[in-house]
$ cat upload_14.txt   # compact mmCIF, C-alpha atoms
# COMPACT_ATOMS: atom_id res chain seq x y z
CA MET A 1 140.49 113.87 75.55
CA GLY A 2 139.45 111.57 78.38
CA THR A 3 136.69 112.31 80.84
CA VAL A 4 137.11 112.95 84.57
CA GLN A 5 135.78 109.86 86.32
CA SER A 6 134.52 111.60 89.46
CA VAL A 7 132.61 114.17 87.41
CA ASP A 8 131.11 111.40 85.26
CA ARG A 9 130.00 109.55 88.36
CA ALA A 10 128.50 112.63 90.02
CA LEU A 11 126.51 113.35 86.87
CA ASP A 12 125.41 109.71 86.75
CA LEU A 13 123.97 110.16 90.26
CA LEU A 14 122.11 113.34 89.33
CA GLU A 15 120.69 111.70 86.22
CA ALA A 16 119.69 108.63 88.25
CA LEU A 17 117.85 110.86 90.72
CA ALA A 18 116.06 112.56 87.82
CA GLY A 19 115.20 109.17 86.36
CA HIS A 20 113.56 108.18 89.66
CA GLY A 21 111.35 111.25 89.66
CA GLY A 22 113.82 113.44 91.58
CA GLU A 23 114.17 111.26 94.69
CA ALA A 24 115.81 107.90 95.43
CA GLY A 25 117.49 105.83 98.12
CA ILE A 26 121.08 104.61 98.11
CA SER A 27 120.13 101.12 96.90
CA GLU A 28 118.17 102.59 93.98
CA LEU A 29 121.09 104.82 93.04
CA ALA A 30 123.47 101.87 93.22
CA GLY A 31 121.18 99.81 91.01
CA ALA A 32 120.83 102.61 88.47
CA THR A 33 124.51 103.57 88.28
CA GLY A 34 126.39 100.39 89.18
CA LEU A 35 128.55 102.41 91.59
CA PRO A 36 129.74 101.01 94.94
CA TYR A 37 127.93 102.26 98.04
CA GLY A 38 131.07 103.92 99.40
CA THR A 39 131.59 105.88 96.18
CA ILE A 40 127.96 106.99 96.17
CA HIS A 41 128.22 108.23 99.77
CA ARG A 42 131.38 110.22 99.02
CA LEU A 43 129.89 111.85 95.93
CA LEU A 44 126.62 112.63 97.69
CA ARG A 45 128.48 114.42 100.50
CA THR A 46 129.97 116.84 97.97
CA LEU A 47 126.67 117.30 96.14
CA LEU A 48 124.91 117.91 99.46
CA ASP A 49 127.48 120.54 100.47
CA ARG A 50 127.00 122.36 97.15
CA GLY A 51 123.20 122.21 97.28
CA TYR A 52 122.76 120.03 94.20
CA VAL A 53 121.29 117.24 96.33
CA ARG A 54 119.31 117.33 99.56
CA GLN A 55 118.64 114.60 102.11
CA GLU A 56 115.04 114.01 103.08
CA SER A 57 113.80 113.10 106.56
CA ASP A 58 113.49 109.42 105.54
CA ARG A 59 117.21 109.43 104.55
CA ARG A 60 116.39 109.31 100.85
CA TYR A 61 118.10 111.77 98.54
CA ALA A 62 116.48 114.34 96.26
CA LEU A 63 117.60 116.84 93.65
CA GLY A 64 118.55 120.10 95.34
CA GLY A 65 117.64 123.72 94.91
CA ALA A 66 120.96 124.70 93.32
CA LEU A 67 119.81 122.92 90.16
CA VAL A 68 116.87 125.31 89.84
CA ARG A 69 119.21 128.22 89.27
CA LEU A 70 121.24 126.33 86.68
CA GLY A 71 118.10 125.00 85.03
CA GLY A 72 116.57 128.43 84.67
CA VAL A 73 119.69 129.82 83.01
CA ALA A 74 120.04 126.76 80.77
CA GLU A 75 116.39 127.01 79.72
CA ARG A 76 116.86 130.64 78.67
CA MET A 77 119.99 129.74 76.73
CA VAL A 78 118.25 126.86 74.94
CA GLY A 79 115.52 129.29 73.94
CA VAL A 80 118.15 131.58 72.42
CA TRP A 81 119.90 128.72 70.61
CA ALA A 82 116.57 127.55 69.19
CA GLN A 83 115.86 130.81 67.37
CA PRO A 84 117.50 129.98 64.00
CA TYR A 85 115.81 126.58 63.95
CA LEU A 86 112.42 128.06 64.71
CA LYS A 87 113.03 130.58 61.95
CA ARG A 88 113.56 127.65 59.55
CA MET A 89 110.21 126.22 60.66
CA VAL A 90 108.50 129.54 59.94
CA GLU A 91 110.09 129.55 56.47
CA LEU A 92 108.95 125.97 55.96
CA SER A 93 105.34 126.50 57.03
CA GLY A 94 104.62 130.22 56.83
CA GLU A 95 103.22 129.95 60.37
CA THR A 96 104.33 130.79 63.91
CA ALA A 97 106.92 128.39 65.35
CA ASN A 98 107.19 127.62 69.07
CA MET A 99 109.38 125.60 71.40
CA ALA A 100 108.21 124.22 74.74
CA VAL A 101 109.53 122.02 77.55
CA LEU A 102 107.89 119.98 80.28
CA GLU A 103 108.50 121.48 83.73
CA GLY A 104 106.97 119.32 86.42
CA ASP A 105 103.38 118.77 85.33
CA PHE A 106 103.18 121.79 83.00
CA ILE A 107 104.23 122.72 79.51
CA VAL A 108 106.22 125.97 79.40
CA TYR A 109 106.76 127.88 76.15
CA VAL A 110 110.42 128.97 76.06
CA ALA A 111 110.87 130.40 72.54
CA GLN A 112 108.86 131.62 69.58
CA ILE A 113 109.30 133.11 66.11
CA PRO A 114 106.06 134.69 64.84
CA SER A 115 104.64 134.20 61.38
CA PRO A 116 105.16 137.11 58.98
CA ARG A 117 101.45 136.98 58.14
CA ARG A 118 99.07 139.62 59.42
CA LEU A 119 96.77 137.03 61.02
CA ARG A 120 99.01 134.86 63.18
CA MET A 121 99.05 132.91 66.41
CA PHE A 122 100.91 133.81 69.60
CA ALA A 123 101.84 131.65 72.59
CA GLU A 124 103.50 134.00 75.05
CA VAL A 125 107.01 132.90 76.07
CA GLY A 126 106.81 131.80 79.69
CA ARG A 127 103.18 130.72 79.40
CA ARG A 128 102.38 127.52 81.34
CA VAL A 129 99.63 125.13 80.22
CA LEU A 130 98.63 121.57 80.96
CA PRO A 131 100.01 119.15 78.37
CA HIS A 132 96.94 117.12 77.44
CA SER A 133 95.38 119.74 75.13
CA THR A 134 98.46 120.86 73.17
CA ALA A 135 100.51 119.29 70.39
CA VAL A 136 103.79 120.11 72.17
CA GLY A 137 102.42 118.54 75.34
CA LYS A 138 101.45 115.34 73.54
CA VAL A 139 104.93 115.04 72.00
CA LEU A 140 106.54 115.33 75.42
CA LEU A 141 104.08 112.96 77.10
CA ALA A 142 104.57 110.41 74.31
CA ASP A 143 108.21 110.04 75.41
CA ARG A 144 107.04 108.96 78.88
CA PRO A 145 105.80 105.52 79.96
CA ASP A 146 102.03 105.19 80.16
CA ALA A 147 102.24 104.77 83.96
CA GLU A 148 104.02 108.13 84.27
CA VAL A 149 101.41 109.79 82.04
CA ALA A 150 98.64 108.29 84.18
CA SER A 151 100.26 109.65 87.36
CA LEU A 152 100.59 113.11 85.83
CA VAL A 153 96.98 113.39 84.69
CA GLU A 154 95.79 112.01 88.01
CA ARG A 155 97.52 114.97 89.68
CA THR A 156 96.40 117.63 87.20
CA GLY A 157 93.13 116.36 85.81
CA MET A 158 92.29 116.83 82.13
CA PRO A 159 90.08 119.91 82.04
CA ARG A 160 88.10 120.53 78.88
CA ARG A 161 89.46 123.55 77.00
CA THR A 162 87.17 123.17 73.98
CA ALA A 163 84.69 120.63 72.67
CA ASN A 164 87.64 118.89 70.97
CA THR A 165 89.79 118.37 74.08
CA ILE A 166 90.61 114.79 75.08
CA THR A 167 89.51 114.52 78.72
CA ASP A 168 89.88 110.82 79.60
CA LEU A 169 93.02 108.77 80.23
CA PRO A 170 92.25 105.89 77.79
CA GLY A 171 91.64 108.41 75.03
CA MET A 172 94.90 110.21 75.82
CA LEU A 173 96.94 107.00 75.93
CA ALA A 174 95.51 106.00 72.55
CA GLU A 175 96.39 109.44 71.17
CA LEU A 176 99.95 109.15 72.48
CA GLY A 177 100.25 105.79 70.75
CA ARG A 178 99.35 107.49 67.49
CA VAL A 179 101.95 110.20 68.17
CA ARG A 180 104.65 107.55 68.64
CA ASP A 181 103.61 105.72 65.47
CA ARG A 182 103.60 108.71 63.13
CA GLY A 183 106.36 110.81 64.74
CA TYR A 184 104.38 113.99 65.32
CA ALA A 185 101.45 115.31 67.36
CA LEU A 186 98.42 117.37 66.44
CA ASP A 187 96.26 119.85 68.29
CA LEU A 188 93.10 120.22 66.23
CA GLY A 189 91.37 122.98 68.13
CA GLU A 190 91.83 121.21 71.47
CA GLU A 191 93.42 124.14 73.30
CA GLU A 192 91.71 126.94 71.37
CA LEU A 193 88.97 126.66 68.77
CA GLY A 194 90.05 127.65 65.27
CA VAL A 195 93.75 127.10 66.01
CA HIS A 196 95.58 123.98 64.79
CA CYS A 197 99.14 122.94 65.62
CA LEU A 198 101.62 120.27 64.57
CA ALA A 199 104.56 119.41 66.85
CA VAL A 200 107.66 117.22 66.77
CA GLY A 201 110.17 116.25 69.43
CA VAL A 202 113.70 117.51 69.97
CA HIS A 203 116.03 114.70 71.07
CA ASP A 204 119.47 115.21 72.60
CA GLY A 205 120.52 111.65 71.81
CA ALA A 206 118.81 109.96 74.74
CA ARG A 207 115.59 111.80 75.55
CA THR A 208 112.95 114.09 74.16
CA VAL A 209 114.07 117.32 75.82
CA ALA A 210 111.72 119.76 74.09
CA ALA A 211 109.01 120.02 71.46
CA MET A 212 108.80 122.35 68.47
CA SER A 213 105.54 123.25 66.80
CA VAL A 214 103.95 125.37 64.13
CA SER A 215 100.55 126.87 64.82
CA GLY A 216 98.08 128.93 62.88
CA PRO A 217 94.47 129.32 61.81
CA ALA A 218 92.90 125.91 61.27
CA GLU A 219 92.18 126.42 57.58
CA ARG A 220 95.79 127.38 56.80
CA ILE A 221 97.35 124.54 58.78
CA ASP A 222 94.93 122.04 57.25
CA ALA A 223 95.83 123.23 53.74
CA LEU A 224 99.46 122.17 54.26
CA ASP A 225 100.67 118.67 53.36
CA ARG A 226 100.81 117.25 56.89
CA GLU A 227 103.32 114.47 56.24
CA GLU A 228 105.62 116.71 54.22
CA LEU A 229 105.48 119.40 56.89
CA ALA A 230 106.18 116.91 59.68
CA ALA A 231 109.14 115.44 57.77
CA GLY A 232 110.66 118.89 57.29
CA MET A 233 110.08 119.80 60.93
CA ARG A 234 111.69 116.57 62.13
CA LYS A 235 114.78 117.35 60.07
CA ILE A 236 115.05 120.79 61.67
CA ALA A 237 114.45 119.34 65.15
CA ARG A 238 117.13 116.70 64.55
CA ASP A 239 119.61 119.41 63.58
CA PHE A 240 118.82 121.30 66.79
CA GLY A 241 118.98 118.13 68.89
CA SER A 242 122.40 117.36 67.43
CA GLU A 243 123.60 120.75 68.60
CA LEU A 244 122.23 120.18 72.08
CA GLY A 245 123.54 116.63 72.38
CA GLY A 246 126.88 117.26 70.71
CA GLY A 247 128.02 120.04 73.01
CA LEU A 248 128.49 122.48 70.16
CA SER A 249 129.11 126.13 70.82
CA PRO A 250 126.09 128.40 70.41
CA ALA A 251 127.47 129.73 67.12
CA SER A 252 128.09 126.35 65.53
CA GLY A 253 125.69 124.15 63.61
CA ARG A 254 123.53 127.09 62.59
CA GLY A 255 122.42 128.16 59.19
$ encode --input "upload_14.txt" --output "structure tokens"
Amino acid sequence: MGTVQSVDRALDLLEALAGHGGEAGISELAGATGLPYGTIHRLLRTLLDRGYVRQESDRRYALGGALVRLGGVAERMVGVWAQPYLKRMVELSGETANMAVLEGDFIVYVAQIPSPRRLRMFAEVGRRVLPHSTAVGKVLLADRPDAEVASLVERTGMPRRTANTITDLPGMLAELGRVRDRGYALDLGEEELGVHCLAVGVHDGARTVAAMSVSGPAERIDALDREELAAGMRKIARDFGSELGGGLSPASGRG
């Protein structure tokens, strides 16, 4: 079945706005989408009327408040869809599995399956933390250009959570380079002493949209074969990303 051109173009505009940090001018939108100015103006009028775009005082356009409602519902649904994949990660590692997304400058945990072990780690669903001290945060930052990472940490700072926390930008950029090279991120007691985590990215075909991790007491995580664990987690994350990117129904692609 063919696509509806006007819908495609409207979504191109929304994605272009997101790609420019949520705000852009007409010329930037034209450059990003290749659409004629007249087409952009017509589409923006509809998006403005529906609240998906707003016009700023300087005549630039920004993502609108109506997307917040959709995003909140979508985030909850993604957390539900992730459950069977997180369960597979628990079976793989024996430890608690988490999923998190980057909202603005913060990491937000959106789903979790706890370890069956008596001593286990918990990251409360809905908890918000800065990304620099967590494995899930590093995975999500590693998908961003260094300039964007620098802007984020300039806004938030890099507070020390433990003696192991990376608290300077050069150190964080070097760490993100290592994450990109090996395909996974580590938190070795950087957010909480005695707790270690390993995280991988979830890709929807174009972007890293979420991160999945396993976390547990340092001695148990360190006893696992790190490369073998990461390879298994990446396979699970790829399966989940295929579901997200392929438009499958919530019941499909599971098992």
$ atom_distance --input "upload_14.txt" --atom1 "CA of Leu48 in chain A" --atom2 "CA of Gly79 in chain A"
29.5 Å
$ residues_around --input "upload_14.txt" --residues "Gln5 in chain A" --least-positions-apart "4" --cutoff "12 Å" --atoms "only C-alpha atoms" --output "tab-separated table (two decimals) with C-alpha atoms, keeping the file's coordinate frame"
chain	number	residue	atom	x	y	z
A	9	ARG	CA	130.00	109.55	88.36
A	10	ALA	CA	128.50	112.63	90.02
A	11	LEU	CA	126.51	113.35	86.87
A	12	ASP	CA	125.41	109.71	86.75
A	35	LEU	CA	128.55	102.41	91.59
A	39	THR	CA	131.59	105.88	96.18
A	43	LEU	CA	129.89	111.85	95.93
$ residues_around --input "upload_14.txt" --residues "range 198-210 of chain A" --least-positions-apart "4" --cutoff "7 Å" --atoms "all atoms listed in the file" --output "compact mmCIF listing (two decimals) with C-alpha atoms, keeping the file's coordinate frame"
# COMPACT_ATOMS: atom_id res chain seq x y z
CA MET A 99 109.38 125.60 71.40
CA ALA A 100 108.21 124.22 74.74
CA VAL A 101 109.53 122.02 77.55
CA ALA A 135 100.51 119.29 70.39
CA VAL A 136 103.79 120.11 72.17
CA VAL A 139 104.93 115.04 72.00
CA LEU A 140 106.54 115.33 75.42
CA ASP A 143 108.21 110.04 75.41
CA GLY A 183 106.36 110.81 64.74
CA TYR A 184 104.38 113.99 65.32
CA ALA A 185 101.45 115.31 67.36
CA LEU A 186 98.42 117.37 66.44
CA ASP A 187 96.26 119.85 68.29
CA VAL A 214 103.95 125.37 64.13
CA SER A 215 100.55 126.87 64.82
CA MET A 233 110.08 119.80 60.93
CA ARG A 234 111.69 116.57 62.13
CA ALA A 237 114.45 119.34 65.15
CA ARG A 238 117.13 116.70 64.55
CA GLY A 241 118.98 118.13 68.89
CA SER A 242 122.40 117.36 67.43
CA LEU A 244 122.23 120.18 72.08
CA GLY A 245 123.54 116.63 72.38
$ residues_around --input "upload_14.txt" --residues "range 18-34 of chain A" --least-positions-apart "6" --cutoff "10 Å" --atoms "all atoms listed in the file" --output "list in words"
Arg9, Asp12, Ile40, His41, Leu44, Val53, Arg54, Gln55, Glu56, Asp58, Arg59, Arg60, Tyr61, Ala62, Leu63, Gly64, Gly104 and Glu148 of chain A
$ closest_residue --input "upload_14.txt" --among "A:Ser213, A:Thr156, A:Gln83, A:Ser115" --to "Thr96 in chain A" --atoms "all atoms listed in the file"
A:Ser115
$ closest_residue --input "upload_14.txt" --among "A:Arg180, A:Gln112, A:Glu227, A:Leu141" --to "Met212 in chain A" --atoms "only C-alpha atoms"
A:Gln112
$ residues_near_point --input "upload_14.txt" --point "(108.7, 127.2, 78.0)" --cutoff "9 Å" --atoms "only C-alpha atoms" --output "PyMOL selection string"
chain A and resi 75-76+79+99-103+107-111+125-128+210
$ write_last_selection --input "upload_14.txt" --atoms "C-alpha atoms" --output "PDB file, in the frame of the given file"
ATOM      1  CA  GLU A  75     116.390 127.010  79.720  1.00  0.00           C
ATOM      2  CA  ARG A  76     116.860 130.640  78.670  1.00  0.00           C
ATOM      3  CA  GLY A  79     115.520 129.290  73.940  1.00  0.00           C
ATOM      4  CA  MET A  99     109.380 125.600  71.400  1.00  0.00           C
ATOM      5  CA  ALA A 100     108.210 124.220  74.740  1.00  0.00           C
ATOM      6  CA  VAL A 101     109.530 122.020  77.550  1.00  0.00           C
ATOM      7  CA  LEU A 102     107.890 119.980  80.280  1.00  0.00           C
ATOM      8  CA  GLU A 103     108.500 121.480  83.730  1.00  0.00           C
ATOM      9  CA  ILE A 107     104.230 122.720  79.510  1.00  0.00           C
ATOM     10  CA  VAL A 108     106.220 125.970  79.400  1.00  0.00           C
ATOM     11  CA  TYR A 109     106.760 127.880  76.150  1.00  0.00           C
ATOM     12  CA  VAL A 110     110.420 128.970  76.060  1.00  0.00           C
ATOM     13  CA  ALA A 111     110.870 130.400  72.540  1.00  0.00           C
ATOM     14  CA  VAL A 125     107.010 132.900  76.070  1.00  0.00           C
ATOM     15  CA  GLY A 126     106.810 131.800  79.690  1.00  0.00           C
ATOM     16  CA  ARG A 127     103.180 130.720  79.400  1.00  0.00           C
ATOM     17  CA  ARG A 128     102.380 127.520  81.340  1.00  0.00           C
ATOM     18  CA  ALA A 210     111.720 119.760  74.090  1.00  0.00           C
TER      19      ALA A 210
END
$ closest_residue --input "upload_14.txt" --among "A:Pro217, A:Ala82, A:Asn98, A:Gly51" --to "Leu70 in chain A" --atoms "only C-alpha atoms"
A:Gly51
$ atom_distance --input "upload_14.txt" --atom1 "CA of Pro114 in chain A" --atom2 "CA of Gly232 in chain A"
18.1 Å
$ closest_residue --input "upload_14.txt" --among "A:Arg50, A:Lys235, A:Arg161, A:Arg117" --to "His132 in chain A" --atoms "all atoms listed in the file"
A:Arg161
$ atom_distance --input "upload_14.txt" --atom1 "CA of Ala211 in chain A" --atom2 "CA of Arg144 in chain A"
13.5 Å
